[in-house]
Every structure is written in C-alpha cells, then in structure tokens.
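S.K.: Could you have a look at this structure, given as structure tokens, before my questions?
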Amino acid sequence: MTPVSPLRGPSREHLAWPFFDSRHSEYAAALDAFAADLGDTHGHDVDGTCRSLVRRLGAAGLLEASVAGDQPDAVIDSRLICIARETLAWHSGLADFAFAMQGLGTGAVAIAGSPELRALVLPKARRGEWVAAFALSEKEAGSDVAAMACSARREGDRYILDGEKTWISNGGIADVYTLFARTGEAPGARGISAFVVLPDDPGFSIADRIDVMAPHPLATLRFEGCRIPAGRLLGSPGEGFKIAMRTLDIFRASVAAAALGFARRALDEAVAHAKTRRMFGGVLGDQQLTQATLGDMAADVDASALLTYRAAWRRDVQKASTTREAAMAKMVATEAAQAVIDRAVQMFGSRGVRSGEIVEQLYREIRALRIYEGATEVQKLIIGRDVLKAI
C-alpha cells in the first residue's frame, strides 16, 4: 500500500514561463483533476491496472494529446505530452507509462499509416479502447538498431514475419503493435520496414513475460511464420528506421519530462520531510547540510525543466529539428533525477529504503529511464556529433 502523502500535486509555477500558453494551463488543470482521483496504482495486478489506466485516460480525453487524430494533418503538441508525463510521473510511474505508450505505440501509424490503418488504430487508441505497443528492441539490437534480425518477406498479398522482439512495453496486453523488421532492401538500417501487427495474427505469440524492478507490462514477442496483410506495411519498404526515429524524436523529450516528474516528487517529499522530522531540538530542515542538499536538488529540477521544455517548445513553435535539444534534455533530466531521488532517499534515512515508501518507489522507477529510448551514453554521442557538425 502506498503511504498517504500530504502533497496534492506538482507545482504549476513553471507554466508561467514563455514556453507555454493558455492551452497548456487548461490541459494541466484537467490532468490535476484526473490525478486527484487516481487512487493506488501499485497493486499486484499490473496488467489490469495498466489497462484500466489507459481506459480512464481515454475516457477523460487526455490521450488526445499523445495519440494523433486519424486525419493526415493532425499535429502532436510536444509540450502537452511533456506536461502530461511530468504530472502523471509525479503521481504514478505506471500512469505515466500508460499514457506515454499510447503515443509511442501509435506514432508510426500517425506518421506513415495508410488512411485505412489510421482509421483502424488511432481512434481506438485515443479513446483508450486499444492498448498500443512499440516493438523495436531485440536481444542483440537495442541501441544498435541496425543489428536487427527479426525479418519480414513479401509473399503475394502477405508479409511473413519471423524472429523475436524483447523488452517490449505493453507486450502481452497490447491490442495493436507497431513492429519493425528487416526486409533487406539495403544493408543495415536502410533495410528495415515498419508494420502493424495484431495479437490474433497467426504465428504471433508471447514467448516470455519480463519482471523488472519497477513493475510494468513487458514481454518477449515471437513470430513464427506470422502472416499479415501487405496493407499493414507503414510507409514504403525500407523506411522503417526513418519512421522509428521520427517517432522517437517526438517522444524523447517526454522521457525527460517523466524524469522531471519523478525528481520533482522526490524534492517535494524531501522538503515536506525536512520541515517535520524532529532532530536536535529542531527539525531536519534547520541543518545546513540539509539546506545545501535541497539547494542542489532544486537546481537540478529547474535545470531539467528548462532543458525539457526548451526542446518541446523548439519542436512545436520553431518547427525545427530537436535532435540535440531532446538528447540534452533526456540525458540531463534522467541523470539529475537519479541524483535528486538518491538524495531524497538518503534524507529519509531508514524510512527511505523501506518497501512501499514513495521515495523508495521513485528510486526503482527512475533507473530504467537512463536506459530506454537511448541510454545516456548514446545521448552523449548524439550531442557530440551534432556539436561537431555545427561548428
């Protein structure tokens, strides 16, 4: 059972920054109303809770920010996605996960899907009726996507899929999967294509469910002569890598926003604890070391917020490439959040490592964000290469 916290929600002071307009404040207010009735999302039925969260997010209209409409000119506002992920992560890592995966799992359909595929997938995902998944990673192809081995070959009016995907979020519970497989038009990344796969396609199965330190639905997918209609191809053959990167570019800054939400919650919990924990005739917050630690944490949170919303603003308003900015935001925010949460655990002392404490849950939640959607080391390479090109 999650401990009861006196905190009601994250600060909204940063929404006064010039990155935002009234739409973002209104959306934040809707998120706050939704999160106020979120309840405990840390139960044992992770699959059921995740499905319920998707349905509830859809019913509240909140998924309209992350899942594009089925019209070709539909636009995704990155700042809305970031506000949502920061808010939901502050309240619940699983709620953030449920929201983010609906967008990531359908992004390729919005970018490159035929009118028929867009009409099939996007409205159901926006309403929370379908749970979506993004199947890119493999055992030997994580950061090195070009090493992908899962294959697809054309036979008449069908594609035949063979191979495995692993570490797939929402694997085992998704109603629709965006799958990337090697079709061989060219070596490496230029020979990858994207497809829509449904869980009842013949030859598709769940090979294994994966348990991780912060419970989320994860699985290994297996394809054994899996036959899908050729019309489920997204874009043209060989365009899969480009489609995947365009999808990830939309959502990479939002990973930073989720980390920001975790860090902001850890700071808020630490401040509340420092104000009430009796120590040496006063409270913990009277100690200079505590004040210095909180100062470091607050600076890390604000630096992360500025980088995160700069990247989202640049994409939304300047319509510019945000490869470097999103990589900076993702790298700094996730690493800073790990440090902020670690300080909060230390400040809580023995309570900080007790199973079920909020800061203990945050400690488990944050670790994966430094790895998925491009590990910190990969972000450094992206930034460094871009700097060399620019100078």
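Simple scheme: letters A, B, ... for chains in structure tokens order, numbers from 1 for residues in each chain, numbers from 1 for ligands in the order shown.
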Give me, as CSV, each residue of segment 248-309 of chain A that comes within 12 Å of segment 110-127 of chain A, together with its shortest interatomic pair and the distance in Å at one decimal, counting only C-alpha atoms, with rows ordered by chain and rising residue number.

M.R.:
residue,atom,partner,partner_atom,distance
A:Leu248,CA,A:Ile111,CA,11.5
A:Asp249,CA,A:Ile111,CA,11.9
A:Ile250,CA,A:Ile111,CA,10.6

S.K.: Give me, as CSV, the closest atom pair and its distance (Å, one decimal) for every residue of segment 135-228 of chain A within a cut-off of 8 Å of segment 89-104 of chain A, counting only C-alpha atoms, rows sorted by chain and rising number.

M.R.:
residue,atom,partner,partner_atom,distance
A:Ser169,CA,A:Met101,CA,7.4
A:Asn170,CA,A:Met101,CA,7.7
A:His216,CA,A:Leu94,CA,6.9

S.K.: Restricted to N, CA and C atoms, what would the selected residues look like written as a tab-separated table (two decimals), in the first residue's frame?

M.R.:
chain	number	residue	atom	x	y	z
A	169	SER	N	7.42	-2.91	-24.16
A	169	SER	CA	6.45	-2.36	-23.21
A	169	SER	C	5.04	-2.61	-23.71
A	170	ASN	N	4.18	-3.02	-22.81
A	170	ASN	CA	2.80	-3.44	-23.07
A	170	ASN	C	2.74	-4.78	-23.81
A	216	HIS	N	6.10	-3.10	-14.70
A	216	HIS	CA	5.39	-2.62	-15.88
A	216	HIS	C	5.14	-3.83	-16.77

S.K.: Near Ile382 of chain A, within 9 Å and counting only C-alpha atoms, which residues show up once chain neighbours fewer than 3 positions away are dropped, as a PDB file with N, CA, C and O atoms, in the first residue's frame?

M.R.:
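Once everything was written out, this is selection_14.pdb:
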ATOM      1  N   THR A 323      16.983  17.261 -32.424  1.00  0.00           N
ATOM      2  CA  THR A 323      17.815  16.094 -32.110  1.00  0.00           C
ATOM      3  C   THR A 323      18.752  16.387 -30.954  1.00  0.00           C
ATOM      4  O   THR A 323      18.823  15.633 -29.987  1.00  0.00           O
ATOM      5  N   ARG A 324      19.484  17.497 -31.048  1.00  0.00           N
ATOM      6  CA  ARG A 324      20.426  17.838 -29.985  1.00  0.00           C
ATOM      7  C   ARG A 324      19.693  18.238 -28.711  1.00  0.00           C
ATOM      8  O   ARG A 324      20.040  17.772 -27.620  1.00  0.00           O
ATOM      9  N   ALA A 327      18.085  15.299 -26.949  1.00  0.00           N
ATOM     10  CA  ALA A 327      19.116  14.441 -26.358  1.00  0.00           C
ATOM     11  C   ALA A 327      19.682  15.068 -25.089  1.00  0.00           C
ATOM     12  O   ALA A 327      19.917  14.384 -24.092  1.00  0.00           O
ATOM     13  N   MET A 328      19.912  16.379 -25.120  1.00  0.00           N
ATOM     14  CA  MET A 328      20.389  17.072 -23.915  1.00  0.00           C
ATOM     15  C   MET A 328      19.380  16.959 -22.784  1.00  0.00           C
ATOM     16  O   MET A 328      19.736  16.680 -21.631  1.00  0.00           O
ATOM     17  N   GLU A 377      24.660   7.163 -22.524  1.00  0.00           N
ATOM     18  CA  GLU A 377      25.868   7.138 -23.336  1.00  0.00           C
ATOM     19  C   GLU A 377      25.568   7.435 -24.805  1.00  0.00           C
ATOM     20  O   GLU A 377      26.338   8.110 -25.495  1.00  0.00           O
ATOM     21  N   VAL A 378      24.428   6.950 -25.293  1.00  0.00           N
ATOM     22  CA  VAL A 378      24.019   7.218 -26.672  1.00  0.00           C
ATOM     23  C   VAL A 378      23.671   8.695 -26.845  1.00  0.00           C
ATOM     24  O   VAL A 378      24.015   9.323 -27.853  1.00  0.00           O
ATOM     25  N   GLN A 379      23.005   9.287 -25.846  1.00  0.00           N
ATOM     26  CA  GLN A 379      22.679  10.709 -25.926  1.00  0.00           C
ATOM     27  C   GLN A 379      23.937  11.561 -26.004  1.00  0.00           C
ATOM     28  O   GLN A 379      23.980  12.563 -26.743  1.00  0.00           O
ATOM     29  N   ARG A 385      28.253  14.547 -31.712  1.00  0.00           N
ATOM     30  CA  ARG A 385      28.313  14.557 -33.176  1.00  0.00           C
ATOM     31  C   ARG A 385      27.628  15.785 -33.746  1.00  0.00           C
ATOM     32  O   ARG A 385      28.089  16.366 -34.737  1.00  0.00           O
ATOM     33  N   ASP A 386      26.522  16.188 -33.113  1.00  0.00           N
ATOM     34  CA  ASP A 386      25.812  17.374 -33.603  1.00  0.00           C
ATOM     35  C   ASP A 386      26.632  18.621 -33.374  1.00  0.00           C
ATOM     36  O   ASP A 386      26.648  19.525 -34.224  1.00  0.00           O
ATOM     37  N   VAL A 387      27.312  18.698 -32.254  1.00  0.00           N
ATOM     38  CA  VAL A 387      28.178  19.844 -31.972  1.00  0.00           C
ATOM     39  C   VAL A 387      29.301  19.932 -33.013  1.00  0.00           C
ATOM     40  O   VAL A 387      29.622  21.018 -33.520  1.00  0.00           O
TER      41      VAL A 387
END

S.K.: Choose the residue, out of A:Val54, A:Val283, A:Leu161, A:Val67, that has the smallest atom-to-atom separation from Gly128 of chain A; count only C-alpha atoms.

M.R.: A:Val54

S.K.: May I have all residues of segment 92-183 of chain A that DSSP, computed from the backbone, assigns to strand (DSSP E or B), given as a PyMOL selection string?

M.R.: chain A and resi 132-135+138+141+151-155+158-169+176-182

S.K.: Counting only C-alpha atoms, what is within 10 Å of Ser137 of chain A, bar same-chain residues fewer than 2 positions away, as a PyMOL selection string?

M.R.: chain A and resi 134-135+139-145+147-148+150+164-168+179-180+220+372-373

S.K.: For the residues in that selection, give me N, CA and C atoms as a PDB file, in the first residue's frame.

M.R.:
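out36.pdb, freshly written:
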ATOM      1  N   PHE A 134       5.101  -0.608 -28.995  1.00  0.00           N
ATOM      2  CA  PHE A 134       6.138  -0.226 -29.962  1.00  0.00           C
ATOM      3  C   PHE A 134       7.219  -1.297 -29.896  1.00  0.00           C
ATOM      4  N   ALA A 135       7.313  -2.133 -30.945  1.00  0.00           N
ATOM      5  CA  ALA A 135       8.198  -3.307 -30.915  1.00  0.00           C
ATOM      6  C   ALA A 135       9.415  -3.083 -31.796  1.00  0.00           C
ATOM      7  N   LYS A 139      17.103  -8.834 -28.603  1.00  0.00           N
ATOM      8  CA  LYS A 139      18.142  -9.267 -27.671  1.00  0.00           C
ATOM      9  C   LYS A 139      19.506  -8.709 -28.054  1.00  0.00           C
ATOM     10  N   GLU A 140      19.816  -8.691 -29.346  1.00  0.00           N
ATOM     11  CA  GLU A 140      21.108  -8.210 -29.822  1.00  0.00           C
ATOM     12  C   GLU A 140      20.992  -6.889 -30.575  1.00  0.00           C
ATOM     13  N   ALA A 141      19.866  -6.231 -30.445  1.00  0.00           N
ATOM     14  CA  ALA A 141      19.655  -4.968 -31.165  1.00  0.00           C
ATOM     15  C   ALA A 141      18.862  -4.016 -30.291  1.00  0.00           C
ATOM     16  N   GLY A 142      19.569  -3.334 -29.384  1.00  0.00           N
ATOM     17  CA  GLY A 142      18.952  -2.322 -28.544  1.00  0.00           C
ATOM     18  C   GLY A 142      19.346  -0.954 -29.063  1.00  0.00           C
ATOM     19  N   SER A 143      20.444  -0.417 -28.552  1.00  0.00           N
ATOM     20  CA  SER A 143      20.954   0.849 -29.073  1.00  0.00           C
ATOM     21  C   SER A 143      21.392   0.710 -30.529  1.00  0.00           C
ATOM     22  N   ASP A 144      21.874  -0.484 -30.914  1.00  0.00           N
ATOM     23  CA  ASP A 144      22.320  -0.737 -32.280  1.00  0.00           C
ATOM     24  C   ASP A 144      21.156  -1.322 -33.084  1.00  0.00           C
ATOM     25  N   VAL A 145      20.252  -0.446 -33.514  1.00  0.00           N
ATOM     26  CA  VAL A 145      19.051  -0.904 -34.212  1.00  0.00           C
ATOM     27  C   VAL A 145      19.404  -1.601 -35.522  1.00  0.00           C
ATOM     28  N   ALA A 147      21.438  -3.767 -36.109  1.00  0.00           N
ATOM     29  CA  ALA A 147      21.731  -5.187 -35.905  1.00  0.00           C
ATOM     30  C   ALA A 147      20.465  -6.037 -35.849  1.00  0.00           C
ATOM     31  N   MET A 148      19.306  -5.447 -36.136  1.00  0.00           N
ATOM     32  CA  MET A 148      18.026  -6.139 -36.064  1.00  0.00           C
ATOM     33  C   MET A 148      18.039  -7.420 -36.904  1.00  0.00           C
ATOM     34  N   CYS A 150      14.990  -9.770 -36.653  1.00  0.00           N
ATOM     35  CA  CYS A 150      13.606 -10.123 -36.973  1.00  0.00           C
ATOM     36  C   CYS A 150      13.329  -9.737 -38.423  1.00  0.00           C
ATOM     37  N   GLU A 164      12.183 -12.592 -33.110  1.00  0.00           N
ATOM     38  CA  GLU A 164      11.718 -12.189 -31.787  1.00  0.00           C
ATOM     39  C   GLU A 164      11.995 -10.714 -31.526  1.00  0.00           C
ATOM     40  N   LYS A 165      11.192 -10.139 -30.673  1.00  0.00           N
ATOM     41  CA  LYS A 165      11.397  -8.815 -30.115  1.00  0.00           C
ATOM     42  C   LYS A 165      11.358  -8.950 -28.600  1.00  0.00           C
ATOM     43  N   THR A 166      12.155  -8.153 -27.901  1.00  0.00           N
ATOM     44  CA  THR A 166      12.153  -8.272 -26.433  1.00  0.00           C
ATOM     45  C   THR A 166      12.197  -6.898 -25.791  1.00  0.00           C
ATOM     46  N   TRP A 167      11.933  -6.860 -24.499  1.00  0.00           N
ATOM     47  CA  TRP A 167      11.805  -5.620 -23.726  1.00  0.00           C
ATOM     48  C   TRP A 167      10.691  -4.745 -24.307  1.00  0.00           C
ATOM     49  N   ILE A 168       9.618  -5.377 -24.767  1.00  0.00           N
ATOM     50  CA  ILE A 168       8.544  -4.631 -25.404  1.00  0.00           C
ATOM     51  C   ILE A 168       7.508  -4.204 -24.364  1.00  0.00           C
ATOM     52  N   LEU A 179       5.504  -2.847 -35.335  1.00  0.00           N
ATOM     53  CA  LEU A 179       6.644  -3.770 -35.404  1.00  0.00           C
ATOM     54  C   LEU A 179       7.628  -3.306 -36.470  1.00  0.00           C
ATOM     55  N   PHE A 180       8.917  -3.430 -36.145  1.00  0.00           N
ATOM     56  CA  PHE A 180       9.982  -3.117 -37.090  1.00  0.00           C
ATOM     57  C   PHE A 180      10.752  -4.396 -37.398  1.00  0.00           C
ATOM     58  N   THR A 220       8.648 -10.599 -24.231  1.00  0.00           N
ATOM     59  CA  THR A 220       9.337 -11.005 -25.454  1.00  0.00           C
ATOM     60  C   THR A 220       8.287 -11.525 -26.421  1.00  0.00           C
ATOM     61  N   TYR A 372      16.241   3.365 -21.408  1.00  0.00           N
ATOM     62  CA  TYR A 372      15.366   3.186 -22.571  1.00  0.00           C
ATOM     63  C   TYR A 372      15.244   4.456 -23.406  1.00  0.00           C
ATOM     64  N   GLU A 373      14.845   4.248 -24.661  1.00  0.00           N
ATOM     65  CA  GLU A 373      14.781   5.293 -25.689  1.00  0.00           C
ATOM     66  C   GLU A 373      16.110   6.019 -25.841  1.00  0.00           C
TER      67      GLU A 373
END

S.K.: Can you tell me, as a PDB file with N, CA, C and O atoms, in the first residue's frame, what residues are no more than 9 Å from Pro229 of chain A when counting only C-alpha atoms, ignoring any on the same chain fewer than 2 positions away?

M.R.:
ATOM      1  N   ASP A 157       0.130 -11.235 -51.459  1.00  0.00           N
ATOM      2  CA  ASP A 157      -0.526 -10.126 -50.762  1.00  0.00           C
ATOM      3  C   ASP A 157      -0.307 -10.187 -49.256  1.00  0.00           C
ATOM      4  O   ASP A 157      -1.072  -9.590 -48.494  1.00  0.00           O
ATOM      5  N   ARG A 158       0.750 -10.900 -48.834  1.00  0.00           N
ATOM      6  CA  ARG A 158       1.060 -11.046 -47.410  1.00  0.00           C
ATOM      7  C   ARG A 158       2.539 -10.754 -47.145  1.00  0.00           C
ATOM      8  O   ARG A 158       3.377 -10.851 -48.032  1.00  0.00           O
ATOM      9  N   TYR A 159       2.822 -10.402 -45.877  1.00  0.00           N
ATOM     10  CA  TYR A 159       4.187 -10.414 -45.368  1.00  0.00           C
ATOM     11  C   TYR A 159       4.282 -11.531 -44.344  1.00  0.00           C
ATOM     12  O   TYR A 159       3.352 -11.758 -43.555  1.00  0.00           O
ATOM     13  N   ARG A 227       1.752 -14.394 -40.539  1.00  0.00           N
ATOM     14  CA  ARG A 227       1.255 -13.857 -41.798  1.00  0.00           C
ATOM     15  C   ARG A 227       0.350 -12.644 -41.535  1.00  0.00           C
ATOM     16  O   ARG A 227      -0.613 -12.734 -40.783  1.00  0.00           O
ATOM     17  N   GLY A 231      -1.126  -4.773 -46.699  1.00  0.00           N
ATOM     18  CA  GLY A 231      -1.610  -3.431 -46.409  1.00  0.00           C
ATOM     19  C   GLY A 231      -1.263  -2.935 -45.021  1.00  0.00           C
ATOM     20  O   GLY A 231      -1.471  -1.761 -44.708  1.00  0.00           O
ATOM     21  N   ARG A 232      -0.719  -3.810 -44.189  1.00  0.00           N
ATOM     22  CA  ARG A 232      -0.297  -3.385 -42.840  1.00  0.00           C
ATOM     23  C   ARG A 232       1.110  -2.767 -42.837  1.00  0.00           C
ATOM     24  O   ARG A 232       1.627  -2.385 -41.785  1.00  0.00           O
ATOM     25  N   LEU A 233       1.748  -2.694 -43.985  1.00  0.00           N
ATOM     26  CA  LEU A 233       3.041  -2.011 -44.091  1.00  0.00           C
ATOM     27  C   LEU A 233       2.842  -0.522 -43.846  1.00  0.00           C
ATOM     28  O   LEU A 233       1.901   0.092 -44.373  1.00  0.00           O
TER      29      LEU A 233
END

S.K.: Any idea what the distance is between atom CA of Ala207 of chain A and atom CA of Gly105 of chain A?

M.R.: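 For atom CA of Ala207 of chain A relative to atom CA of Gly105 of chain A, the distance reads 19.7 Å.
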
S.K.: Give the answer as one residue: which of A:Asp175, A:Glu269, A:Asp208, A:Glu224 has the shortest atom-to-atom distance to Gly163 of chain A, using only C-alpha atoms?

M.R.: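 Closest to Gly163 of chain A of all the choices is A:Glu224.
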
S.K.: Just checking: using only C-alpha atoms, which residue out of A:Arg154, A:His44, A:His273, A:Arg182 ends up closest to Ile358 of chain A?

M.R.: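 Closest candidate: A:His273.
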
S.K.: Using only C-alpha atoms for the distances, tell me which of A:Asp37, A:Asp201, A:Asp342, A:Asp316 is nearest to Ala60 of chain A.

M.R.: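 Using only C-alpha atoms, the shortest distance to Ala60 of chain A belongs to A:Asp37.
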
S.K.: For a quick check of understanding, using only C-alpha atoms, which of A:Ala253, A:Gly295, A:Ala189, A:Arg12 has the smallest distance to Thr322 of chain A?

M.R.: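 For Thr322 of chain A, the nearest of the candidates is A:Ala253.
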
S.K.: Can you measure atom CA of Arg8 of chain A to atom CA of Glu64 of chain A for me? One decimal in Å is fine.

M.R.: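 Distance reported for this atom pair: 24.5 Å.
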
S.K.: Which of these residues is nearest to Gly374 of chain A, using only C-alpha atoms: A:Thr183, A:Gln318, A:Thr106, A:Thr334?

M.R.: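 Result for the nearest residue to Gly374 of chain A: A:Thr334.
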